[in-house]
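Trainee: Can you keep this structure in mind? I'll have questions shortly.
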Amino acid sequence: MKDSLLFIDPHIHMTSRTTDDYEAMRDAGIVAIIEPSFWLGQPRTQVGSFQDYFSSLVGWEPFRASQFGIQHYCTIGLNSKEANNEALAEQVVDLLPLYLHKENVVAIGEIGYDDQTKAEDKYFRMQLEMAKELDMTVQVHTPHRDKKSGTIRSMEVCLEHGLDPSNVIIDHNNEETVQDVLDRGFWAAFTIYPKTKMGNERMVAVIKKYGSKQIIVNSSADWGVSDPLAVPKTASLMLKSGVDRQEIINSCYQNALDAFGKNGKMNPSAWLENKGVDQSQLFLDNSVLRGQKPKIDTDKIV
Ligand SMILES: [Zn+2]
């Protein structure tokens with residue numbers, strides 16, 4: 001039964017992951033992903049580092065994903081942590097319009113608060129204005145410290161700037177924030193962490209309590225301890241725990257598509273009519289292979 005379910009992981013940092021992850025994700029039923037632009041661990045010191053990173057999210061990484069049968073989308077923005085380097089932040093914000101119209105960019109993100117500083121607030125608001133002007137969806141990263149107040153503040157600022165809550169995804173929720181997010185009409189995304197914070201069992205309990213309306217499950221897998229299979233694993237646990245199949249489809253596939261699909265760039269035909277993998281393809285003369293025989297699924301419907 002689980003085998004026929006398709007999944008979208010709408011928050012995963014594939015730049016930091018391996019080809020083994022891509023293979024395991026596709027085998028587990030993940031057909032599409034969204035990679036938010038984020039902090040890379042090492043703080044960037046020059047605007048060119050951001051430019052090359054954004055270019056990779058709209059160029060090389062979608063190609064790499066396609067070589068393993070996964071459709072790759074991304075969100076582009078200045079993350080909260082690096083908004084604190086104001087001299088650099090200014091230049092990064094100037095760069096954003098060059099990328100926001102690229103064909104796999106589905107939202108401005110992930111933006112919001114980390115330590116809730118003055119500089120973070122300034123660049124969050126600046127990017128919300130940009131989203132309003134371009135009628136774009138926004139993916140909001142909520143702080144891990146002062147979670148509840150930071151989440152409420154993020155939503156209040158979005159409303160203050162006149163954003164439609166149905167066009168804003170509030171990410172990294174937990175049991176303490178979900179009701180406030182749902183009450184205000186925003187999308188409530190949950191990140192499943194392998195050992196701490198929000199785990200699979202807690203997510204199942206959330207779905208049982210609140211249902212699946214406006215609720216989205218993601219892995220946020222990155223360079224830290226994380227699990228790129230968090231979405232299918234949570235779906236599997238939901239199934240075993242007696243959660244209705246439609247609730248699983250909503251929270252692990254359909255809601256992500258509805259929330260991020262508003263600008264029409266995320267189209268299910270991209271994966272439903274996918275003819276399979278062709279690893280003989282090249283991106284700027286490079287393949288993902290290292291002398292291996294390319295895998296080619298000619299005429300195969302996946
Ligand atoms: Zn993230």
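Following the order of the structure tokens, first chain is A, next is B, and so on, with residues numbered from 1 inside each chain and ligands from 1 in the order they appear.
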List the spatial neighbours of range 79-88 of chain A as a PyMOL selection string - criterion: any atom at most 6 Å away, only C-alpha atoms, same-chain residues fewer than 2 positions off excluded.
Mentor: chain A and resi 38+90-91+110-114+119-120
Trainee: Write out as an mmCIF file with N, CA and C atoms, in the first residue's frame each polymer residue (protein, DNA or RNA) that has an atom no more than 9 Å from ligand 1, with only C-alpha atoms and all ligand atoms counted.
Mentor:
data_model
loop_
_atom_site.group_PDB
_atom_site.id
_atom_site.type_symbol
_atom_site.label_atom_id
_atom_site.label_comp_id
_atom_site.auth_asym_id
_atom_site.auth_seq_id
_atom_site.Cartn_x
_atom_site.Cartn_y
_atom_site.Cartn_z
ATOM 1 N N HIS A 11 11.348 20.673 1.842
ATOM 2 C CA HIS A 11 12.437 21.384 2.528
ATOM 3 C C HIS A 11 13.591 20.411 2.730
ATOM 4 N N ILE A 12 14.549 20.453 1.833
ATOM 5 C CA ILE A 12 15.716 19.573 1.973
ATOM 6 C C ILE A 12 16.900 20.214 1.249
ATOM 7 N N HIS A 13 18.067 20.206 1.915
ATOM 8 C CA HIS A 13 19.259 20.880 1.367
ATOM 9 C C HIS A 13 20.157 19.862 0.677
ATOM 10 N N GLU A 35 14.447 22.782 -2.447
ATOM 11 C CA GLU A 35 15.680 23.080 -1.707
ATOM 12 C C GLU A 35 15.711 24.573 -1.386
ATOM 13 N N PRO A 36 15.470 24.935 -0.132
ATOM 14 C CA PRO A 36 15.544 26.355 0.217
ATOM 15 C C PRO A 36 17.001 26.811 0.264
ATOM 16 N N SER A 37 17.241 28.038 -0.148
ATOM 17 C CA SER A 37 18.600 28.566 0.016
ATOM 18 C C SER A 37 18.790 28.850 1.506
ATOM 19 N N PHE A 38 19.958 28.515 2.002
ATOM 20 C CA PHE A 38 20.172 28.642 3.439
ATOM 21 C C PHE A 38 21.637 28.931 3.729
ATOM 22 N N TRP A 39 21.947 28.897 5.004
ATOM 23 C CA TRP A 39 23.284 29.091 5.537
ATOM 24 C C TRP A 39 24.046 27.786 5.306
ATOM 25 N N GLU A 110 14.690 30.339 2.433
ATOM 26 C CA GLU A 110 13.929 30.465 3.630
ATOM 27 C C GLU A 110 14.388 31.718 4.357
ATOM 28 N N HIS A 141 11.463 30.552 7.819
ATOM 29 C CA HIS A 141 12.209 29.771 8.813
ATOM 30 C C HIS A 141 11.916 30.386 10.174
ATOM 31 N N ASP A 171 7.580 27.491 8.733
ATOM 32 C CA ASP A 171 8.287 26.215 8.863
ATOM 33 C C ASP A 171 8.780 25.942 10.286
ATOM 34 N N HIS A 172 9.184 24.683 10.500
ATOM 35 C CA HIS A 172 9.745 24.219 11.777
ATOM 36 C C HIS A 172 8.779 24.429 12.951
ATOM 37 N N SER A 219 11.787 17.205 5.798
ATOM 38 C CA SER A 219 12.950 16.655 6.520
ATOM 39 C C SER A 219 13.954 17.729 6.933
ATOM 40 N N SER A 220 14.024 18.818 6.171
ATOM 41 C CA SER A 220 15.090 19.824 6.347
ATOM 42 C C SER A 220 16.469 19.185 6.429
ATOM 43 N N ALA A 221 16.638 18.044 5.791
ATOM 44 C CA ALA A 221 17.945 17.376 5.852
ATOM 45 C C ALA A 221 19.006 18.280 5.237
ATOM 46 N N ASP A 222 20.174 18.323 5.873
ATOM 47 C CA ASP A 222 21.241 19.217 5.415
ATOM 48 C C ASP A 222 22.590 18.617 5.775
#
Trainee: When you draw a straight line from CA of Trp271 in chain A to CA of Ser166 in chain A, how long is it in Å?
Mentor: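 If I compute the distance from CA of Trp271 in chain A to CA of Ser166 in chain A, I get 24.9 Å.
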Trainee: I'd like to know which of A:Leu229, A:Val58, A:Ile248, A:Arg44 is closest to Asp27 in chain A, using only C-alpha atoms.
Mentor: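 Checking each of A:Leu229, A:Val58, A:Ile248, A:Arg44 against Asp27 in chain A, counting only C-alpha atoms, the winner is A:Leu229.
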Trainee: Go through A:Gly162, A:Leu289, A:Gly199, A:Lys213 one by one, measure the shortest atom-to-atom distance of each to Val178 in chain A using only C-alpha atoms, and give the residue with the smallest value.
Mentor: A:Lys213
Trainee: Set the distance at 12 Å and use only C-alpha atoms: which residues neighbour Leu57 in chain A once local chain neighbours fewer than 3 positions away are removed? I'd like the list as an MDAnalysis selection string.
Mentor: chainID A and resid 12:16 33:38 50:54 60:65 72:77 99:100 102:106
Trainee: Output C-alpha atoms of each residue in that selection to a file, as a PDB file, in the first residue's frame.
Mentor:
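Writing the result to out13.pdb gives the following:
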ATOM      1  CA  ILE A  12      15.716  19.573   1.973  1.00  0.00           C
ATOM      2  CA  HIS A  13      19.259  20.880   1.367  1.00  0.00           C
ATOM      3  CA  MET A  14      20.489  18.458  -1.284  1.00  0.00           C
ATOM      4  CA  THR A  15      23.668  20.447  -1.935  1.00  0.00           C
ATOM      5  CA  SER A  16      24.925  18.836   1.295  1.00  0.00           C
ATOM      6  CA  ILE A  33      11.800  18.230  -3.631  1.00  0.00           C
ATOM      7  CA  ILE A  34      12.242  21.885  -2.761  1.00  0.00           C
ATOM      8  CA  GLU A  35      15.680  23.080  -1.707  1.00  0.00           C
ATOM      9  CA  PRO A  36      15.544  26.355   0.217  1.00  0.00           C
ATOM     10  CA  SER A  37      18.600  28.566   0.016  1.00  0.00           C
ATOM     11  CA  PHE A  38      20.172  28.642   3.439  1.00  0.00           C
ATOM     12  CA  PHE A  50      26.003  33.684  -2.678  1.00  0.00           C
ATOM     13  CA  GLN A  51      25.803  34.157  -6.429  1.00  0.00           C
ATOM     14  CA  ASP A  52      27.493  30.833  -7.173  1.00  0.00           C
ATOM     15  CA  TYR A  53      25.326  29.090  -4.567  1.00  0.00           C
ATOM     16  CA  PHE A  54      22.097  30.492  -6.047  1.00  0.00           C
ATOM     17  CA  TRP A  60      23.670  22.022 -11.328  1.00  0.00           C
ATOM     18  CA  GLU A  61      21.505  20.691  -8.469  1.00  0.00           C
ATOM     19  CA  PRO A  62      18.270  20.323 -10.533  1.00  0.00           C
ATOM     20  CA  PHE A  63      20.368  18.471 -13.115  1.00  0.00           C
ATOM     21  CA  ARG A  64      21.895  16.196 -10.464  1.00  0.00           C
ATOM     22  CA  ALA A  65      18.417  15.433  -9.026  1.00  0.00           C
ATOM     23  CA  HIS A  72      14.145  19.659  -8.074  1.00  0.00           C
ATOM     24  CA  TYR A  73      12.713  23.073  -7.158  1.00  0.00           C
ATOM     25  CA  CYS A  74      14.176  25.724  -4.897  1.00  0.00           C
ATOM     26  CA  THR A  75      13.451  28.861  -2.935  1.00  0.00           C
ATOM     27  CA  ILE A  76      15.796  31.823  -3.105  1.00  0.00           C
ATOM     28  CA  GLY A  77      16.415  34.379  -0.368  1.00  0.00           C
ATOM     29  CA  TYR A  99      17.163  34.514  -9.605  1.00  0.00           C
ATOM     30  CA  LEU A 100      13.537  34.799  -8.511  1.00  0.00           C
ATOM     31  CA  LYS A 102      14.256  31.205 -12.853  1.00  0.00           C
ATOM     32  CA  GLU A 103      12.186  28.218 -13.907  1.00  0.00           C
ATOM     33  CA  ASN A 104      12.571  26.075 -10.764  1.00  0.00           C
ATOM     34  CA  VAL A 105      12.220  28.895  -8.193  1.00  0.00           C
ATOM     35  CA  VAL A 106       8.882  28.440  -6.403  1.00  0.00           C
TER      36      VAL A 106
END
Trainee: Counting only C-alpha atoms, figure out which residue out of A:Arg202, A:Lys132, A:Lys208, A:Arg26 gets nearest to Gly242 in chain A.
Mentor: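 Among A:Arg202, A:Lys132, A:Lys208, A:Arg26, it is A:Lys208 that comes nearest to Gly242 in chain A.
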Trainee: When DSSP works through the backbone of this structure, what residues of range 95-301 of chain A end up as strand (DSSP E), shown as a PyMOL selection string?
Mentor: chain A and resi 105-112+138-141+168-170+187-191+215-218
Trainee: Now that the selection is made, can you save its residues with N, CA, C and O atoms as a tab-separated table (two decimals), in the first residue's frame?
Mentor:
chain	number	residue	atom	x	y	z
A	105	VAL	N	12.34	28.14	-9.45
A	105	VAL	CA	12.22	28.89	-8.19
A	105	VAL	C	10.73	29.06	-7.85
A	105	VAL	O	9.99	29.71	-8.58
A	106	VAL	N	10.31	28.45	-6.74
A	106	VAL	CA	8.88	28.44	-6.40
A	106	VAL	C	8.50	29.40	-5.28
A	106	VAL	O	7.32	29.59	-5.01
A	107	ALA	N	9.48	30.00	-4.61
A	107	ALA	CA	9.16	30.92	-3.51
A	107	ALA	C	10.40	31.73	-3.12
A	107	ALA	O	11.52	31.41	-3.53
A	108	ILE	N	10.16	32.75	-2.29
A	108	ILE	CA	11.27	33.44	-1.63
A	108	ILE	C	11.48	32.73	-0.30
A	108	ILE	O	10.53	32.52	0.46
A	109	GLY	N	12.71	32.27	-0.03
A	109	GLY	CA	12.92	31.54	1.21
A	109	GLY	C	14.34	31.01	1.32
A	109	GLY	O	15.11	31.16	0.38
A	110	GLU	N	14.69	30.34	2.43
A	110	GLU	CA	13.93	30.47	3.63
A	110	GLU	C	14.39	31.72	4.36
A	110	GLU	O	15.58	31.92	4.56
A	111	ILE	N	13.43	32.55	4.70
A	111	ILE	CA	13.74	33.83	5.33
A	111	ILE	C	13.03	33.91	6.68
A	111	ILE	O	12.15	33.10	6.95
A	112	GLY	N	13.41	34.87	7.51
A	112	GLY	CA	12.76	35.00	8.82
A	112	GLY	C	13.75	35.38	9.90
A	112	GLY	O	14.65	36.18	9.66
A	138	VAL	N	6.06	32.72	0.10
A	138	VAL	CA	7.18	32.91	1.03
A	138	VAL	C	7.31	31.69	1.94
A	138	VAL	O	6.32	31.16	2.44
A	139	GLN	N	8.56	31.25	2.12
A	139	GLN	CA	8.85	30.15	3.04
A	139	GLN	C	9.60	30.73	4.23
A	139	GLN	O	10.71	31.24	4.08
A	140	VAL	N	8.97	30.65	5.41
A	140	VAL	CA	9.52	31.31	6.60
A	140	VAL	C	10.19	30.30	7.54
A	140	VAL	O	9.56	29.34	7.99
A	141	HIS	N	11.46	30.55	7.82
A	141	HIS	CA	12.21	29.77	8.81
A	141	HIS	C	11.92	30.39	10.17
A	141	HIS	O	12.15	31.58	10.37
A	168	VAL	N	1.92	31.87	2.45
A	168	VAL	CA	3.11	31.85	3.32
A	168	VAL	C	3.18	30.52	4.06
A	168	VAL	O	2.21	30.10	4.70
A	169	ILE	N	4.34	29.87	3.97
A	169	ILE	CA	4.56	28.61	4.69
A	169	ILE	C	5.40	28.93	5.92
A	169	ILE	O	6.52	29.44	5.80
A	170	ILE	N	4.86	28.65	7.10
A	170	ILE	CA	5.60	28.85	8.35
A	170	ILE	C	6.25	27.50	8.69
A	170	ILE	O	5.55	26.51	8.92
A	187	TRP	N	0.16	28.18	6.22
A	187	TRP	CA	0.53	26.77	6.11
A	187	TRP	C	1.47	26.45	7.28
A	187	TRP	O	2.40	27.23	7.55
A	188	ALA	N	1.25	25.31	7.92
A	188	ALA	CA	2.11	24.91	9.05
A	188	ALA	C	2.99	23.73	8.63
A	188	ALA	O	2.50	22.61	8.49
A	189	ALA	N	4.28	24.00	8.41
A	189	ALA	CA	5.20	22.93	8.03
A	189	ALA	C	5.93	22.41	9.27
A	189	ALA	O	6.23	23.18	10.20
A	190	PHE	N	6.19	21.11	9.27
A	190	PHE	CA	6.89	20.46	10.39
A	190	PHE	C	8.15	19.78	9.88
A	190	PHE	O	8.09	19.03	8.91
A	191	THR	N	9.24	20.01	10.55
A	191	THR	CA	10.49	19.33	10.21
A	191	THR	C	10.66	18.14	11.15
A	191	THR	O	10.60	18.30	12.37
A	215	ILE	N	-1.32	21.35	6.82
A	215	ILE	CA	-0.13	20.79	7.47
A	215	ILE	C	0.79	20.10	6.46
A	215	ILE	O	0.33	19.34	5.60
A	216	ILE	N	2.08	20.38	6.56
A	216	ILE	CA	3.07	19.88	5.61
A	216	ILE	C	4.23	19.25	6.39
A	216	ILE	O	4.70	19.82	7.37
A	217	VAL	N	4.69	18.08	5.92
A	217	VAL	CA	5.81	17.40	6.58
A	217	VAL	C	7.06	17.55	5.72
A	217	VAL	O	6.99	17.41	4.50
A	218	ASN	N	8.21	17.83	6.35
A	218	ASN	CA	9.47	17.89	5.59
A	218	ASN	C	10.62	17.36	6.44
A	218	ASN	O	10.46	17.09	7.63
Trainee: Mind pulling up the distance from CA of Leu5 in chain A to CA of Ser280 in chain A?
Mentor: 28.4 Å
